[in-house]
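The data block below is data36.txt; it holds compact mmCIF, C-alpha atoms.
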# COMPACT_ATOMS: atom_id res chain seq x y z
CA MET L 8 143.45 51.75 127.17
CA ALA L 9 142.99 53.77 124.02
CA SER L 10 139.86 55.50 125.28
CA GLY L 11 139.87 59.23 124.74
CA PRO L 12 139.63 61.86 127.46
CA MET L 13 136.04 62.78 126.63
CA GLU L 14 134.57 59.27 126.83
CA GLN L 15 134.13 59.44 130.58
CA PHE L 16 131.31 61.94 130.05
CA GLN L 17 129.33 59.56 127.85
CA ILE L 18 125.74 59.03 128.95
CA ASP L 19 124.54 55.45 128.64
CA ARG L 20 120.87 54.58 128.45
CA GLN L 21 120.37 51.69 130.79
CA VAL L 22 116.58 51.31 130.88
CA ASP L 23 114.12 53.14 128.64
CA LEU L 24 111.21 54.20 130.80
CA PHE L 25 108.54 56.00 128.78
CA GLU L 26 108.07 58.56 126.03
CA ILE L 27 107.06 62.21 126.26
CA ALA L 28 106.42 64.06 122.98
CA GLY L 29 108.67 61.78 120.97
CA GLN L 30 111.56 61.96 123.46
CA THR L 31 112.47 58.83 125.33
CA VAL L 32 112.91 59.26 129.06
CA SER L 33 115.53 56.78 130.19
CA TRP L 34 117.24 55.69 133.32
CA THR L 35 120.86 56.60 132.56
CA ASN L 36 124.16 56.25 134.34
CA SER L 37 123.85 59.95 135.16
CA ALA L 38 120.54 59.30 136.92
CA PHE L 39 122.09 56.35 138.76
CA TRP L 40 124.97 58.42 140.16
CA MET L 41 122.61 61.28 141.05
CA VAL L 42 120.48 58.91 143.08
CA ALA L 43 123.66 57.45 144.57
CA SER L 44 124.82 60.86 145.75
CA VAL L 45 121.40 61.68 147.23
CA LEU L 46 121.41 58.34 149.06
CA ALA L 47 124.94 59.06 150.30
CA ILE L 48 123.76 62.43 151.67
CA ILE L 49 120.79 60.78 153.40
CA ALA L 50 123.06 58.09 154.85
CA PHE L 51 125.50 60.75 156.04
CA PHE L 52 122.81 62.66 157.90
CA VAL L 53 121.09 59.58 159.29
CA LEU L 54 124.43 58.50 160.71
CA THR L 55 125.17 61.91 162.18
CA MET L 56 121.65 62.67 163.40
CA ARG L 57 121.59 60.83 166.72
CA GLY L 58 121.15 63.78 169.02
CA LYS L 59 123.06 63.30 172.21
CA LEU L 60 123.82 66.02 174.71
CA ILE L 61 127.54 65.38 174.39
CA PRO L 62 128.13 65.08 170.64
CA GLY L 63 130.32 62.27 169.43
CA ARG L 64 132.55 62.51 166.38
CA MET L 65 129.82 61.73 163.85
CA GLN L 66 127.31 64.04 165.45
CA SER L 67 129.70 66.96 165.53
CA LEU L 68 130.37 66.38 161.83
CA GLY L 69 126.67 66.82 161.14
CA GLU L 70 126.44 69.82 163.43
CA LEU L 71 129.49 71.40 161.85
CA SER L 72 127.99 71.09 158.38
CA TYR L 73 124.75 72.65 159.58
CA GLU L 74 126.57 75.49 161.31
CA PHE L 75 128.74 76.05 158.25
CA ILE L 76 125.80 76.70 155.93
CA ALA L 77 123.77 78.53 158.58
CA ASP L 78 126.68 80.91 159.22
CA MET L 79 127.16 81.42 155.52
CA VAL L 80 123.51 82.41 155.02
CA ARG L 81 123.49 84.56 158.17
CA ASP L 82 126.69 86.40 157.29
CA THR L 83 126.06 87.08 153.62
CA VAL L 84 122.31 87.74 153.60
CA GLY L 85 121.14 88.15 157.18
CA PRO L 86 119.06 86.28 159.74
CA GLU L 87 115.84 86.97 157.83
CA ALA L 88 117.02 84.71 155.01
CA MET L 89 117.20 81.61 157.20
CA ARG L 90 114.08 80.29 155.50
CA PHE L 91 116.21 79.77 152.41
CA MET L 92 118.81 77.91 154.38
CA PRO L 93 117.45 74.42 153.58
CA PHE L 94 117.64 75.28 149.88
CA VAL L 95 121.25 76.43 150.11
CA PHE L 96 122.02 73.43 152.30
CA ALA L 97 120.56 70.99 149.78
CA LEU L 98 122.37 72.66 146.88
CA PHE L 99 125.70 72.65 148.69
CA PHE L 100 125.51 69.02 149.75
CA PHE L 101 124.21 67.73 146.44
CA ILE L 102 127.02 69.42 144.52
CA LEU L 103 129.64 68.42 147.10
CA PHE L 104 128.62 64.77 147.12
CA ALA L 105 128.16 64.59 143.36
CA ASN L 106 131.64 66.06 142.86
CA LEU L 107 133.28 63.83 145.45
CA ILE L 108 131.59 60.67 144.21
CA GLY L 109 132.59 61.61 140.68
CA MET L 110 136.22 61.60 141.80
CA ASN L 111 136.09 57.84 142.35
CA PRO L 112 137.42 55.69 139.52
CA TYR L 113 134.68 54.40 137.17
CA ALA L 114 132.14 56.75 138.74
CA PHE L 115 130.25 59.27 136.65
CA THR L 116 130.38 62.96 137.54
CA THR L 117 126.83 64.20 137.26
CA THR L 118 127.87 67.84 137.67
CA SER L 119 130.04 67.59 134.55
CA HIS L 120 126.95 68.01 132.38
CA LEU L 121 125.66 71.44 131.55
CA ALA L 122 122.06 70.20 131.68
CA VAL L 123 122.39 69.33 135.38
CA THR L 124 124.19 72.50 136.45
CA ALA L 125 121.96 74.70 134.29
CA ALA L 126 118.86 73.22 135.92
CA MET L 127 120.23 74.10 139.36
CA ALA L 128 121.33 77.58 138.29
CA ILE L 129 118.04 78.44 136.58
CA PHE L 130 116.11 77.19 139.59
CA THR L 131 118.23 79.39 141.86
CA ILE L 132 117.62 82.50 139.78
CA LEU L 133 113.89 81.72 139.51
CA ILE L 134 113.71 81.44 143.29
CA VAL L 135 115.42 84.82 143.65
CA MET L 136 113.02 86.43 141.18
CA VAL L 137 109.85 84.83 142.55
CA ALA L 138 110.76 85.43 146.19
CA GLY L 139 111.84 88.98 145.42
CA ILE L 140 108.59 89.87 143.68
CA TRP L 141 106.59 87.98 146.31
CA LYS L 142 108.20 89.93 149.12
CA ASN L 143 108.66 93.41 147.65
CA GLY L 144 106.03 93.53 144.93
CA PHE L 145 107.02 95.55 141.90
CA LYS L 146 109.43 97.60 144.01
CA TRP L 147 111.78 94.65 143.53
CA PHE L 148 112.65 95.93 140.04
CA LYS L 149 114.51 98.75 141.78
CA ILE L 150 117.53 96.45 141.97
CA PHE L 151 118.09 97.29 138.32
CA ALA L 152 118.22 101.01 139.10
CA PRO L 153 120.57 101.82 141.99
CA ALA L 154 119.59 105.00 143.78
CA GLY L 155 121.56 108.24 143.85
CA LEU L 156 122.83 108.50 140.30
CA PRO L 157 122.53 111.46 137.94
CA LEU L 158 119.51 110.96 135.70
CA PRO L 159 121.29 110.45 132.32
CA MET L 160 123.36 107.66 133.85
CA TYR L 161 120.27 105.48 134.21
CA ALA L 162 120.07 105.07 130.44
CA ILE L 163 123.37 103.16 130.62
CA ILE L 164 123.14 101.60 134.07
CA ILE L 165 119.75 99.91 133.73
CA PRO L 166 120.64 97.82 130.64
CA ILE L 167 123.97 96.88 132.22
CA GLU L 168 122.29 95.79 135.44
CA ILE L 169 119.69 93.76 133.55
CA ILE L 170 122.35 92.04 131.46
CA SER L 171 124.46 91.30 134.53
CA PHE L 172 121.43 89.86 136.30
CA LEU L 173 120.52 87.67 133.34
CA SER L 174 124.09 86.43 132.95
CA ARG L 175 124.09 85.13 136.52
CA PRO L 176 122.50 81.74 135.79
CA VAL L 177 124.82 81.32 132.79
CA THR L 178 127.97 81.97 134.79
CA LEU L 179 126.71 79.92 137.72
CA ALA L 180 126.04 76.90 135.51
CA VAL L 181 129.09 77.19 133.28
CA ARG L 182 131.50 77.69 136.19
CA LEU L 183 130.60 74.41 137.88
CA PHE L 184 130.31 72.47 134.63
CA ALA L 185 133.57 73.78 133.15
CA ASN L 186 135.50 73.23 136.37
CA MET L 187 134.44 69.61 136.60
CA VAL L 188 134.98 68.89 132.89
CA ALA L 189 138.37 70.61 132.78
CA GLY L 190 139.58 68.77 135.87
CA HIS L 191 138.50 65.35 134.70
CA VAL L 192 139.86 65.85 131.17
CA MET L 193 143.21 66.93 132.60
CA LEU L 194 143.27 63.91 134.91
CA LYS L 195 142.45 61.55 132.07
CA LEU L 196 145.07 63.09 129.76
CA PHE L 197 147.85 62.59 132.28
CA ALA L 198 146.69 59.04 133.02
CA ILE L 199 146.51 58.10 129.32
CA PHE L 200 149.97 59.53 128.76
CA ALA L 201 151.34 57.43 131.60
CA ALA L 202 149.56 54.33 130.26
CA TYR L 203 151.07 54.81 126.79
CA LEU L 204 154.56 55.26 128.21
CA ILE L 205 154.26 52.09 130.29
CA ALA L 206 152.92 50.16 127.29
CA LYS L 207 156.08 51.11 125.33
CA GLY L 208 158.16 49.28 127.92
CA GLY L 209 161.91 49.56 128.47
CA VAL L 210 163.46 52.90 129.41
CA THR L 211 160.43 54.90 128.31
CA ALA L 212 158.36 53.14 130.95
CA LEU L 213 160.53 54.79 133.59
CA GLY L 214 159.45 58.15 132.18
CA ALA L 215 155.92 57.35 133.29
CA ILE L 216 156.89 58.34 136.83
CA LEU L 217 156.45 62.01 136.03
CA PRO L 218 152.91 61.83 134.60
CA ILE L 219 151.88 59.49 137.44
CA ALA L 220 153.15 62.03 139.97
CA GLY L 221 151.26 64.69 138.01
CA THR L 222 148.10 62.58 138.16
CA ILE L 223 148.38 62.26 141.94
CA ALA L 224 148.87 66.01 142.29
CA ILE L 225 145.86 66.69 140.08
CA VAL L 226 143.71 64.28 142.10
CA ALA L 227 144.55 66.31 145.21
CA LEU L 228 143.77 69.54 143.37
CA GLU L 229 140.50 68.10 142.08
CA PHE L 230 139.34 67.23 145.60
CA LEU L 231 140.02 70.83 146.56
CA VAL L 232 138.14 72.07 143.49
CA ALA L 233 135.22 69.72 144.21
CA ALA L 234 134.73 71.21 147.66
CA LEU L 235 135.51 74.75 146.53
CA GLN L 236 133.00 74.72 143.69
CA ALA L 237 130.24 73.48 145.98
CA PHE L 238 131.13 76.28 148.38
CA VAL L 239 131.24 78.86 145.61
CA PHE L 240 127.88 77.76 144.22
CA ALA L 241 126.33 77.99 147.68
CA ILE L 242 127.84 81.37 148.50
CA LEU L 243 126.87 82.86 145.15
CA THR L 244 123.33 81.64 145.77
CA CYS L 245 123.48 83.54 149.08
CA VAL L 246 124.82 86.65 147.33
CA TYR L 247 121.99 86.48 144.82
CA LEU L 248 119.46 85.93 147.60
CA ASN L 249 120.68 89.27 148.92
CA ASP L 250 118.61 90.89 146.18
CA VAL L 251 115.46 89.47 147.71
CA TYR L 252 115.94 91.21 151.03
CA HIS L 253 118.01 94.28 150.28
CA VAL L 254 116.34 96.04 147.40
CA GLU L 255 117.43 99.48 148.57
CA HIS L 256 121.13 99.64 147.84
CA MET J 3 143.89 76.97 104.70
CA GLU J 4 141.84 73.91 105.41
CA ALA J 5 138.78 74.36 107.56
CA GLU J 6 139.97 71.67 109.95
CA ALA J 7 143.25 73.48 110.57
CA ALA J 8 141.44 76.76 111.18
CA LYS J 9 139.28 74.97 113.73
CA PHE J 10 142.30 73.85 115.74
CA ILE J 11 143.89 77.30 115.54
CA GLY J 12 140.64 78.81 116.79
CA ALA J 13 140.48 76.36 119.69
CA GLY J 14 144.05 77.23 120.59
CA LEU J 15 143.28 80.93 120.48
CA ALA J 16 140.26 80.40 122.73
CA GLY J 17 142.66 78.90 125.26
CA THR J 18 144.45 82.24 125.56
CA ALA J 19 141.60 83.34 127.83
CA LEU J 20 143.58 81.51 130.52
CA ILE J 21 146.29 84.21 130.38
CA GLY J 22 143.90 86.74 131.83
CA ALA J 23 142.49 84.29 134.35
CA GLY J 24 145.98 83.37 135.50
CA ILE J 25 146.98 86.99 135.98
CA GLY J 26 143.73 87.66 137.79
CA ILE J 27 144.01 84.71 140.19
CA GLY J 28 147.62 85.59 140.90
CA SER J 29 146.76 89.16 141.69
CA ILE J 30 143.84 88.16 143.93
CA PHE J 31 145.95 85.87 146.08
CA SER J 32 148.96 88.20 146.13
CA LYS J 33 146.83 91.15 147.22
CA TYR J 34 145.14 88.98 149.84
CA LEU J 35 148.48 87.85 151.26
CA GLU J 36 149.75 91.42 151.21
CA GLY J 37 146.75 92.61 153.14
CA ALA J 38 146.76 89.61 155.46
CA LEU J 39 150.40 90.18 156.45
CA ARG J 40 149.73 93.82 157.16
CA ASN J 41 146.67 93.16 159.26
CA PRO J 42 146.51 89.47 160.22
CA SER J 43 143.53 89.94 162.54
CA ALA J 44 141.28 91.00 159.66
CA ALA J 45 142.47 88.22 157.33
CA ALA J 46 140.13 85.47 158.47
CA GLY J 47 137.03 87.58 157.86
CA GLN J 48 137.96 88.19 154.24
CA ARG J 49 138.52 84.57 153.26
CA THR J 50 135.00 84.32 151.87
CA ASN J 51 135.58 87.31 149.63
CA LEU J 52 138.92 85.82 148.59
CA LEU J 53 137.35 82.56 147.44
CA LEU J 54 134.49 84.43 145.79
CA GLY J 55 136.91 86.59 143.82
CA PHE J 56 138.95 83.52 142.93
CA ALA J 57 135.87 81.71 141.63
CA LEU J 58 134.60 84.69 139.63
CA CYS J 59 138.03 85.16 138.12
CA GLU J 60 138.53 81.50 137.33
CA ALA J 61 135.16 81.37 135.59
CA THR J 62 136.26 83.87 132.94
CA GLY J 63 139.18 81.62 132.04
CA LEU J 64 136.92 78.61 131.92
CA PHE J 65 134.63 80.36 129.46
CA GLY J 66 137.60 80.26 127.10
CA PHE J 67 137.95 76.54 127.79
CA VAL J 68 134.26 75.96 127.07
CA LEU J 69 134.60 77.96 123.86
CA ALA J 70 137.53 75.77 122.80
CA MET J 71 135.48 72.64 123.56
CA ILE J 72 132.55 73.98 121.54
CA ILE J 73 134.84 74.73 118.61
CA LEU J 74 136.48 71.30 118.76
CA PHE J 75 133.49 69.06 119.40
CA SER J 76 130.56 70.63 117.59
How does this structure look as C-alpha cells?
Amino acid sequence: MASGPMEQFQIDRQVDLFEIAGQTVSWTNSAFWMVASVLAIIAFFVLTMRGKLIPGRMQSLGELSYEFIADMVRDTVGPEAMRFMPFVFALFFFILFANLIGMNPYAFTTTSHLAVTAAMAIFTILIVMVAGIWKNGFKWFKIFAPAGLPLPMYAIIIPIEIISFLSRPVTLAVRLFANMVAGHVMLKLFAIFAAYLIAKGGVTALGAILPIAGTIAIVALEFLVAALQAFVFAILTCVYLNDVYHVEH
Amino acid sequence: MEAEAAKFIGAGLAGTALIGAGIGIGSIFSKYLEGALRNPSAAAGQRTNLLLGFALCEATGLFGFVLAMIILFS
C-alpha cells in the first residue's frame, strides 16, 4: 500500500536480449505493453474489417475511425496530403490505444515516458523536413521567411521562425508525456490518500468517501485526456505537414 | 537555508506556471462559448481550433509541471 506515486512508471527488465556498445537491450514491461497495444489495434481492425455492403456495428466503427482521420488530414492540409494519412492514422491509434490500455489497473502507460513520445515527435518532424525538401527542393526553407515583410524585419523574424520550428518536437513530446504523467500521478495520489484513511479505521475511514469520489472523477477526466491527447498529437502532425505543401504563406 | 528546502520551494514555484495555463484555458473556452452563442451555426467548424488552442495552452502549464518534476527527482 505504501508505494509512492512515481513507482508506476518504473521500467522492469524482464528478459535481457543482447548488447549494443555496452548497453543492454532488454525486453521490458514497456515493450510488453507497446506490443499489447499494437496487437489490440490489429485485433480492432481485423474485427471491423469485414466489408459488407450494409455495414454492421463493428464495421461502421472501423469506417468511422478511417473517416475521422481522413477528414482531419483533408481539412487541415488538403487532399494532396492523403499519402501521409496512414502515418497520421498509425500515430493516432497507437497513442490512443497506449493511453487507454494504460488506464487499466496494473497496466503500464508506455506514453508516460519521454523516450517514447520523443521518438514519435522527432520522427514526425523529420518526416516534415525530409518530405518538404523532397517536394520543394531548397525553396522549402522559405517557410522560415514569410513573404511581404519590410526587409529589416527579416533579421528578427527568421531566427524566431527557426526557433519555433525547432521547438515543435519538444512541445509535441513533452505535451503528451507530461499529460500522461500528471494524470497518473494525480490518480495515484488520491488513491493512496483514500487507502491511508481506510487503513486508519473508525470515523476517519468514512472520510475516504471524498478521495474515492475524486478518484472516480479523475478516471473519467483521464479517459477524456487520453483521447484528446491522441487527437491533439494527430492534428498537430497535420498542422506541421502543412509546411510540406504550403510553402508560400 | 538548506539546499533541500530550497529545492522544494523551487518545485513549488515551478508549479505557479499553472496559474497562466488556467487563465488561458478559461479564456479559450469562455471566448469559444461567447462566439458559439452568438453564431451557433459556425460553432461546430471551430471545434478543432478550440481543442488545438486548449492543447497548446495546457502544454505551457505542463512545462511548469515537468520543471517541478526535474527539480524534485534529479
Open item on the list: Show me, as a list in words, every residue of chain J with an atom at most 8 Å from chain L, counting all atoms listed in the file.
Closed with: Leu53, Leu54, Ala57, Ala61, Leu64, Phe65, Phe67 and Val68 of chain J
Open item on the list: With all atoms listed in the file as the counted atoms, please give the residues lying no more than 10 Å from L:Ala97, apart from itself and same-chain residues fewer than 6 positions off, as a list in words.
Closed with: Val45, Ile48, Ile76, Leu103 and Ala241 of chain L
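Every protein or nucleic acid residue with an atom no more than 9 Å from stretch 13-26 of chain J, counting only C-alpha atoms and leaving out same-chain residues fewer than 6 positions away, appears here: Phe56, Cys59, Glu60, Ala61, Thr62, Gly63, Leu64, Phe65, Gly66, Phe67, Val68, Leu69, Ala70, Met71, Ile72, Ile73 and Leu74 of chain J.
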TODO: In Å, rounded to a single decimal, give me how far atom CA of L:Ile132 is from atom CA of L:Trp40.
DONE: 25.2 Å
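Closest to J:Gly47 among J:Ser76, J:Gly28, J:Lys9, J:Tyr34 is J:Tyr34, based on only C-alpha atoms.
Across the structure, atom CA of L:Ala201 and atom CA of L:Ala114 are spaced 20.5 Å apart.
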TODO: Would you mind listing what lies within 6 Å of stretch 134-143 of chain L as an MDAnalysis selection string, with all atoms listed in the file counted and same-chain residues fewer than 4 positions away left out?
DONE: chainID L and resid 147 248 251
- [ ] Could you check how far atom CA of L:Glu70 sits from atom CA of L:Met56, in Å to one decimal?
- [x] 8.6 Å
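For stretch 215-225 of chain L, the residues within 8 Å (counting all atoms listed in the file, excluding itself and residues fewer than 3 positions away along the chain) are Gly190, Met193, Leu194, Phe197, Ala198, Phe200, Ala201, Ala202, Leu204, Ile205, Thr211, Ala212, Leu228 and Glu229 of chain L.
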